[in-house]
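S.K.: Mind looking over this structure? Questions follow.
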Amino acid sequence: MVHMSDTSSHESSTSDDQPKVSFGFEDVSATEKVSRVKGVFRSVASRYDLMNDLMSAGVHRIWKANTIARLNPQPGERILDVAGGTGDVALAFLKSAEEKARRRGQHHLVTRAIVCDINEAMLAAGRSRESLAKYRSVMDWVTGDGMQLPFRDNSVDALSIAFGIRNVADMDMAFREFRRVLKPGGRFACLEFSHMTAGVLQDAYDAYSFNVIPKLGDWITGDAASYQYLVESIRRFPKQDEVTRRITEAGFSQVSCTNYSGGIAALHFGWAV
Ligand SMILES: C[S@@+](CC[C@H](N)C(=O)[O-])C[C@H]1O[C@@H](n2cnc3c(N)ncnc32)[C@H](O)[C@@H]1O
């Protein structure tokens, strides 16, 4: 039997009125969440990419490819991938822009990607990836917090965050930061685990999430607790409609939501105008 927690809100208050945020099924202070999330990704960094492929049977690659298609990379643009970890989305953005530049003969246009992450261990794992070697000169790896980005106002053409926002202590603060650094007309894509739309598969999904994923995490990374956090944090994450509303409140326009794999993941997309 799976213990399900309230999914209606990401943040809550305790009786002494100290603001708390969710860390999996626990409620902790924002400071504690930041520190514990750092611990999670420090622990799994070296096996993170392998675990993603195993847990999702490679499907996360399709979700990311769809996200890139929505972002529609253009030669000469600058993308910021927040919580970019090992650089999957940034790399896909660069490849897509490169392919367009090749087709159009726009070889003079240099597309750049910044991978920004709070965790040095994840960035180090990304920097050492063989598949990224070719793009080293057009990629920047920056240690930084999504809630307080070390970038100027109106400085990037596109901003993405994939499976990152759930881990951020103050999601609204982060959305406002994303709006600040995007140029007017810039595109924003937020890919995140979400909530299934068809209840019929919920039991099977819960059984897989709570029984298989932590065991797989233990086997591959030696850290079951971090993958227990993963599945709990997904259940605590706000539903699609609430995320849409909060992105809109942060100042984005025409915010839409596309469910993937029946809502296991969802892409929120908006425009900075
Ligand atoms: C599940 S991983 C996603 C990595 C990558 N985007 C991907 O899709 O494979 C979540 C990432 O969020 C980062 N992260 C957590 N809190 C953050 C914050 N406040 N600011 C920036 N990055 C953060 C973690 O260090 C981790 O690398």
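Residues are named by chain letter and number: chains run A, B, ... in the order of the structure tokens, numbers start at 1 in each chain, and ligands are numbered from 1 in the order shown.
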Find the spatial neighbours of Pro184 (chain A), counting only C-alpha atoms, within a cut-off of 10 Å - ignore same-chain residues fewer than 4 positions away - and output them as a PyMOL selection string.
M.R.: chain A and resi 154-157+179-180+271-273
S.K.: Would you output that residue set with N, CA and C atoms, as an mmCIF file, in the first residue's frame?
M.R.:
```
data_model
loop_
_atom_site.group_PDB
_atom_site.id
_atom_site.type_symbol
_atom_site.label_atom_id
_atom_site.label_comp_id
_atom_site.auth_asym_id
_atom_site.auth_seq_id
_atom_site.Cartn_x
_atom_site.Cartn_y
_atom_site.Cartn_z
ATOM 1 N N ASN A 154 17.234 40.206 -19.381
ATOM 2 C CA ASN A 154 17.039 40.186 -20.850
ATOM 3 C C ASN A 154 18.277 39.671 -21.589
ATOM 4 N N SER A 155 18.871 38.592 -21.129
ATOM 5 C CA SER A 155 20.152 38.179 -21.716
ATOM 6 C C SER A 155 20.115 36.844 -22.466
ATOM 7 N N VAL A 156 19.000 36.104 -22.416
ATOM 8 C CA VAL A 156 18.968 34.829 -23.159
ATOM 9 C C VAL A 156 17.707 34.757 -24.024
ATOM 10 N N ASP A 157 17.848 33.997 -25.139
ATOM 11 C CA ASP A 157 16.735 33.873 -26.096
ATOM 12 C C ASP A 157 15.751 32.784 -25.685
ATOM 13 N N ARG A 179 11.884 34.732 -15.935
ATOM 14 C CA ARG A 179 11.279 35.823 -16.728
ATOM 15 C C ARG A 179 12.265 36.993 -16.828
ATOM 16 N N ARG A 180 12.958 37.258 -15.720
ATOM 17 C CA ARG A 180 13.904 38.392 -15.693
ATOM 18 C C ARG A 180 15.031 38.222 -16.707
ATOM 19 N N TRP A 271 5.800 32.339 -23.094
ATOM 20 C CA TRP A 271 6.548 33.395 -23.786
ATOM 21 C C TRP A 271 6.823 34.559 -22.827
ATOM 22 N N ALA A 272 8.035 35.091 -22.943
ATOM 23 C CA ALA A 272 8.344 36.319 -22.220
ATOM 24 C C ALA A 272 8.009 37.466 -23.173
ATOM 25 N N VAL A 273 7.061 38.313 -22.812
ATOM 26 C CA VAL A 273 6.705 39.408 -23.749
ATOM 27 C C VAL A 273 6.891 40.756 -23.063
#
```
S.K.: Residues of region 58-106 of chain A in strand (DSSP E or B) according to DSSP, as a list of chain:residue names?
M.R.: A:Arg78, A:Ile79, A:Leu80, A:Asp81, A:Val82
S.K.: Save out the residues we just selected, N, CA and C atoms, as an mmCIF file, in the first residue's frame.
M.R.:
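Result saved to result.cif:
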```cif
data_model
loop_
_atom_site.group_PDB
_atom_site.id
_atom_site.type_symbol
_atom_site.label_atom_id
_atom_site.label_comp_id
_atom_site.auth_asym_id
_atom_site.auth_seq_id
_atom_site.Cartn_x
_atom_site.Cartn_y
_atom_site.Cartn_z
ATOM 1 N N ARG A 78 21.148 32.104 -27.825
ATOM 2 C CA ARG A 78 21.800 31.745 -26.562
ATOM 3 C C ARG A 78 20.728 31.149 -25.664
ATOM 4 N N ILE A 79 20.937 29.890 -25.287
ATOM 5 C CA ILE A 79 19.973 29.239 -24.384
ATOM 6 C C ILE A 79 20.581 29.094 -22.996
ATOM 7 N N LEU A 80 19.733 29.247 -22.001
ATOM 8 C CA LEU A 80 20.127 28.953 -20.619
ATOM 9 C C LEU A 80 19.317 27.751 -20.159
ATOM 10 N N ASP A 81 20.014 26.668 -19.797
ATOM 11 C CA ASP A 81 19.342 25.479 -19.264
ATOM 12 C C ASP A 81 19.582 25.446 -17.757
ATOM 13 N N VAL A 82 18.536 25.807 -17.001
ATOM 14 C CA VAL A 82 18.654 25.881 -15.539
ATOM 15 C C VAL A 82 18.443 24.485 -14.953
#
```
S.K.: Name all residues at most 12 Å from region 242-245 of chain A (count only C-alpha atoms; drop same-chain ones fewer than 2 positions away) and give them as a ChimeraX atom specification.
M.R.: /A:7-10,165-166,171-172,175,189-195,237-240,247-258,266-270
S.K.: Counting only C-alpha atoms, what is within 10 Å of Val168 (chain A), bar same-chain residues fewer than 4 positions away, as a list in words?
M.R.: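 Contacts, with the query itself left out: Val21, Ser22, Phe23, Ala30, Lys33, Val34, Val37, Ala83, Ile118, Asp145, Gly146, Met147, Gly164, Asp172, Met173 and Ala174 of chain A.
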S.K.: Please determine, counting only C-alpha atoms and all ligand atoms, which residue among A:His60, A:Arg152, A:Arg104, A:Lys20 has the shortest atom-to-atom distance to ligand 1.
M.R.: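 The closest residue to ligand 1 is A:His60.
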S.K.: Figure out the distance between CA of Ser261 (chain A) and CA of Trp63 (chain A), please, to one decimal in Å.
M.R.: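 Between these atoms lies a distance of 8.8 Å.
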S.K.: Could you check how far CA of Ala125 (chain A) sits from CA of Thr86 (chain A), in Å to one decimal?
M.R.: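 Spanning CA of Ala125 (chain A) to CA of Thr86 (chain A) is a straight-line distance of 5.9 Å.
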S.K.: Just how far from CA of Leu132 (chain A) is atom 27 (O, counted along the ligand's line) of ligand 1, in Å to one decimal?
M.R.: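 These two atoms are separated by 16.6 Å.
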S.K.: Residues near Gly39 (chain A), anyone? I mean within 12 Å using only C-alpha atoms, not counting same-chain ones fewer than 6 positions away, as a PyMOL selection string.
M.R.: chain A and resi 32-33+45+118-122+167+223+225-226+229
S.K.: Since we have the selection now, will you write its residues out, keeping N, CA and C atoms, as a compact mmCIF listing (two decimals), in the first residue's frame?
M.R.:
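That gives us again-v5.txt:
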```
# COMPACT_ATOMS: atom_id res chain seq x y z
N GLU A 32 16.84 23.82 4.55
CA GLU A 32 17.11 22.39 4.66
C GLU A 32 16.86 21.68 3.32
N LYS A 33 15.81 22.12 2.60
CA LYS A 33 15.53 21.49 1.30
C LYS A 33 16.71 21.69 0.35
N ALA A 45 25.29 11.70 -8.89
CA ALA A 45 25.78 12.36 -10.11
C ALA A 45 26.46 11.43 -11.11
N ILE A 118 22.99 24.10 -9.46
CA ILE A 118 23.45 24.41 -8.11
C ILE A 118 24.50 23.41 -7.64
N ASN A 119 24.60 22.31 -8.36
CA ASN A 119 25.42 21.19 -7.89
C ASN A 119 26.65 20.99 -8.77
N GLU A 120 27.80 21.26 -8.21
CA GLU A 120 29.06 21.13 -8.93
C GLU A 120 29.29 19.69 -9.42
N ALA A 121 28.86 18.72 -8.64
CA ALA A 121 29.09 17.31 -9.02
C ALA A 121 28.33 16.96 -10.30
N MET A 122 27.11 17.47 -10.44
CA MET A 122 26.34 17.20 -11.67
C MET A 122 27.01 17.88 -12.87
N ASN A 167 12.69 20.39 -7.58
CA ASN A 167 13.74 20.36 -6.56
C ASN A 167 14.05 21.73 -5.97
N ASP A 223 22.15 4.10 -3.60
CA ASP A 223 21.44 5.12 -2.83
C ASP A 223 19.93 5.03 -3.08
N ALA A 225 17.60 5.97 -0.97
CA ALA A 225 16.89 7.12 -0.38
C ALA A 225 16.71 8.25 -1.39
N SER A 226 17.69 8.48 -2.24
CA SER A 226 17.57 9.56 -3.21
C SER A 226 16.45 9.27 -4.21
N TYR A 229 13.16 9.76 -2.54
CA TYR A 229 12.86 11.21 -2.61
C TYR A 229 12.26 11.55 -3.97
```
S.K.: Could you tell me which of A:Pro214, A:Gly87, A:Pro19, A:Gly105 comes closest to ligand 1 if we count only C-alpha atoms and all ligand atoms?
M.R.: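 Ranked by minimum distance to ligand 1, first place goes to A:Gly87.
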S.K.: For each of A:Gln228, A:Ser131, A:Gln106, A:Ser233, take the minimum atom-to-atom distance to Asn211 (chain A), counting only C-alpha atoms, then give the residue where this is smallest.
M.R.: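 Answer, going by the shortest atom-to-atom distance: A:Gln228.
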S.K.: Could you list, as a PDB file with N, CA and C atoms, in the first residue's frame, every residue within 12 Å of Ser56 (chain A), counting only C-alpha atoms and ignoring same-chain residues fewer than 2 positions away?
M.R.:
```
ATOM      1  N   ASP A  49      22.887   9.661 -15.449  1.00  0.00           N
ATOM      2  CA  ASP A  49      22.409   9.451 -16.823  1.00  0.00           C
ATOM      3  C   ASP A  49      21.956   8.007 -17.030  1.00  0.00           C
ATOM      4  N   LEU A  50      22.728   7.074 -16.499  1.00  0.00           N
ATOM      5  CA  LEU A  50      22.366   5.653 -16.642  1.00  0.00           C
ATOM      6  C   LEU A  50      21.026   5.371 -15.961  1.00  0.00           C
ATOM      7  N   MET A  51      20.854   5.926 -14.763  1.00  0.00           N
ATOM      8  CA  MET A  51      19.590   5.713 -14.032  1.00  0.00           C
ATOM      9  C   MET A  51      18.397   6.269 -14.805  1.00  0.00           C
ATOM     10  N   ASN A  52      18.566   7.435 -15.423  1.00  0.00           N
ATOM     11  CA  ASN A  52      17.470   8.022 -16.207  1.00  0.00           C
ATOM     12  C   ASN A  52      17.030   7.077 -17.313  1.00  0.00           C
ATOM     13  N   ASP A  53      18.017   6.507 -18.003  1.00  0.00           N
ATOM     14  CA  ASP A  53      17.674   5.594 -19.105  1.00  0.00           C
ATOM     15  C   ASP A  53      16.987   4.344 -18.575  1.00  0.00           C
ATOM     16  N   LEU A  54      17.483   3.817 -17.465  1.00  0.00           N
ATOM     17  CA  LEU A  54      16.905   2.575 -16.942  1.00  0.00           C
ATOM     18  C   LEU A  54      15.498   2.792 -16.396  1.00  0.00           C
ATOM     19  N   GLY A  58      14.376   4.768 -21.414  1.00  0.00           N
ATOM     20  CA  GLY A  58      14.813   5.695 -22.472  1.00  0.00           C
ATOM     21  C   GLY A  58      13.785   6.745 -22.868  1.00  0.00           C
ATOM     22  N   VAL A  59      12.584   6.665 -22.299  1.00  0.00           N
ATOM     23  CA  VAL A  59      11.502   7.566 -22.735  1.00  0.00           C
ATOM     24  C   VAL A  59      11.804   9.028 -22.407  1.00  0.00           C
ATOM     25  N   HIS A  60      12.637   9.281 -21.383  1.00  0.00           N
ATOM     26  CA  HIS A  60      12.966  10.685 -21.059  1.00  0.00           C
ATOM     27  C   HIS A  60      13.618  11.382 -22.247  1.00  0.00           C
ATOM     28  N   ARG A  61      14.267  10.594 -23.124  1.00  0.00           N
ATOM     29  CA  ARG A  61      14.896  11.191 -24.313  1.00  0.00           C
ATOM     30  C   ARG A  61      13.833  11.734 -25.277  1.00  0.00           C
ATOM     31  N   ILE A  62      12.715  10.999 -25.376  1.00  0.00           N
ATOM     32  CA  ILE A  62      11.619  11.451 -26.256  1.00  0.00           C
ATOM     33  C   ILE A  62      10.998  12.729 -25.692  1.00  0.00           C
ATOM     34  N   TRP A  63      10.765  12.735 -24.360  1.00  0.00           N
ATOM     35  CA  TRP A  63      10.197  13.940 -23.738  1.00  0.00           C
ATOM     36  C   TRP A  63      11.123  15.140 -23.965  1.00  0.00           C
ATOM     37  N   PHE A 193       8.138  15.946 -14.200  1.00  0.00           N
ATOM     38  CA  PHE A 193       7.202  14.871 -13.883  1.00  0.00           C
ATOM     39  C   PHE A 193       5.905  15.506 -13.402  1.00  0.00           C
ATOM     40  N   TYR A 205       1.333   2.524 -11.976  1.00  0.00           N
ATOM     41  CA  TYR A 205       2.394   3.541 -11.931  1.00  0.00           C
ATOM     42  C   TYR A 205       2.922   3.696 -10.501  1.00  0.00           C
ATOM     43  N   TYR A 208       5.036   0.649  -9.572  1.00  0.00           N
ATOM     44  CA  TYR A 208       6.355   0.740 -10.200  1.00  0.00           C
ATOM     45  C   TYR A 208       7.213   1.792  -9.475  1.00  0.00           C
ATOM     46  N   SER A 209       6.606   2.970  -9.239  1.00  0.00           N
ATOM     47  CA  SER A 209       7.367   4.073  -8.644  1.00  0.00           C
ATOM     48  C   SER A 209       7.903   3.703  -7.267  1.00  0.00           C
ATOM     49  N   VAL A 212       9.729  -0.333  -7.387  1.00  0.00           N
ATOM     50  CA  VAL A 212      10.849  -0.670  -8.279  1.00  0.00           C
ATOM     51  C   VAL A 212      11.934   0.422  -8.269  1.00  0.00           C
ATOM     52  N   ILE A 213      11.533   1.682  -8.374  1.00  0.00           N
ATOM     53  CA  ILE A 213      12.542   2.742  -8.583  1.00  0.00           C
ATOM     54  C   ILE A 213      13.554   2.839  -7.427  1.00  0.00           C
ATOM     55  N   LEU A 216      15.929  -0.060  -7.781  1.00  0.00           N
ATOM     56  CA  LEU A 216      16.818   0.147  -8.928  1.00  0.00           C
ATOM     57  C   LEU A 216      17.898   1.177  -8.574  1.00  0.00           C
ATOM     58  N   SER A 261       3.117  10.878 -22.115  1.00  0.00           N
ATOM     59  CA  SER A 261       2.913   9.546 -21.514  1.00  0.00           C
ATOM     60  C   SER A 261       1.788   9.583 -20.473  1.00  0.00           C
ATOM     61  N   ILE A 264       2.572  11.426 -17.083  1.00  0.00           N
ATOM     62  CA  ILE A 264       3.747  11.061 -16.252  1.00  0.00           C
ATOM     63  C   ILE A 264       4.721  12.247 -16.259  1.00  0.00           C
ATOM     64  N   ALA A 265       4.821  12.878 -17.408  1.00  0.00           N
ATOM     65  CA  ALA A 265       5.581  14.133 -17.494  1.00  0.00           C
ATOM     66  C   ALA A 265       4.707  15.173 -18.188  1.00  0.00           C
TER      67      ALA A 265
END
```
S.K.: Tell me which of A:Ala198, A:Ala65, A:Leu149, A:Ala158 sits closest to ligand 1, counting only C-alpha atoms and all ligand atoms.
M.R.: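 Closest residue, counting only C-alpha atoms and all ligand atoms: A:Leu149.
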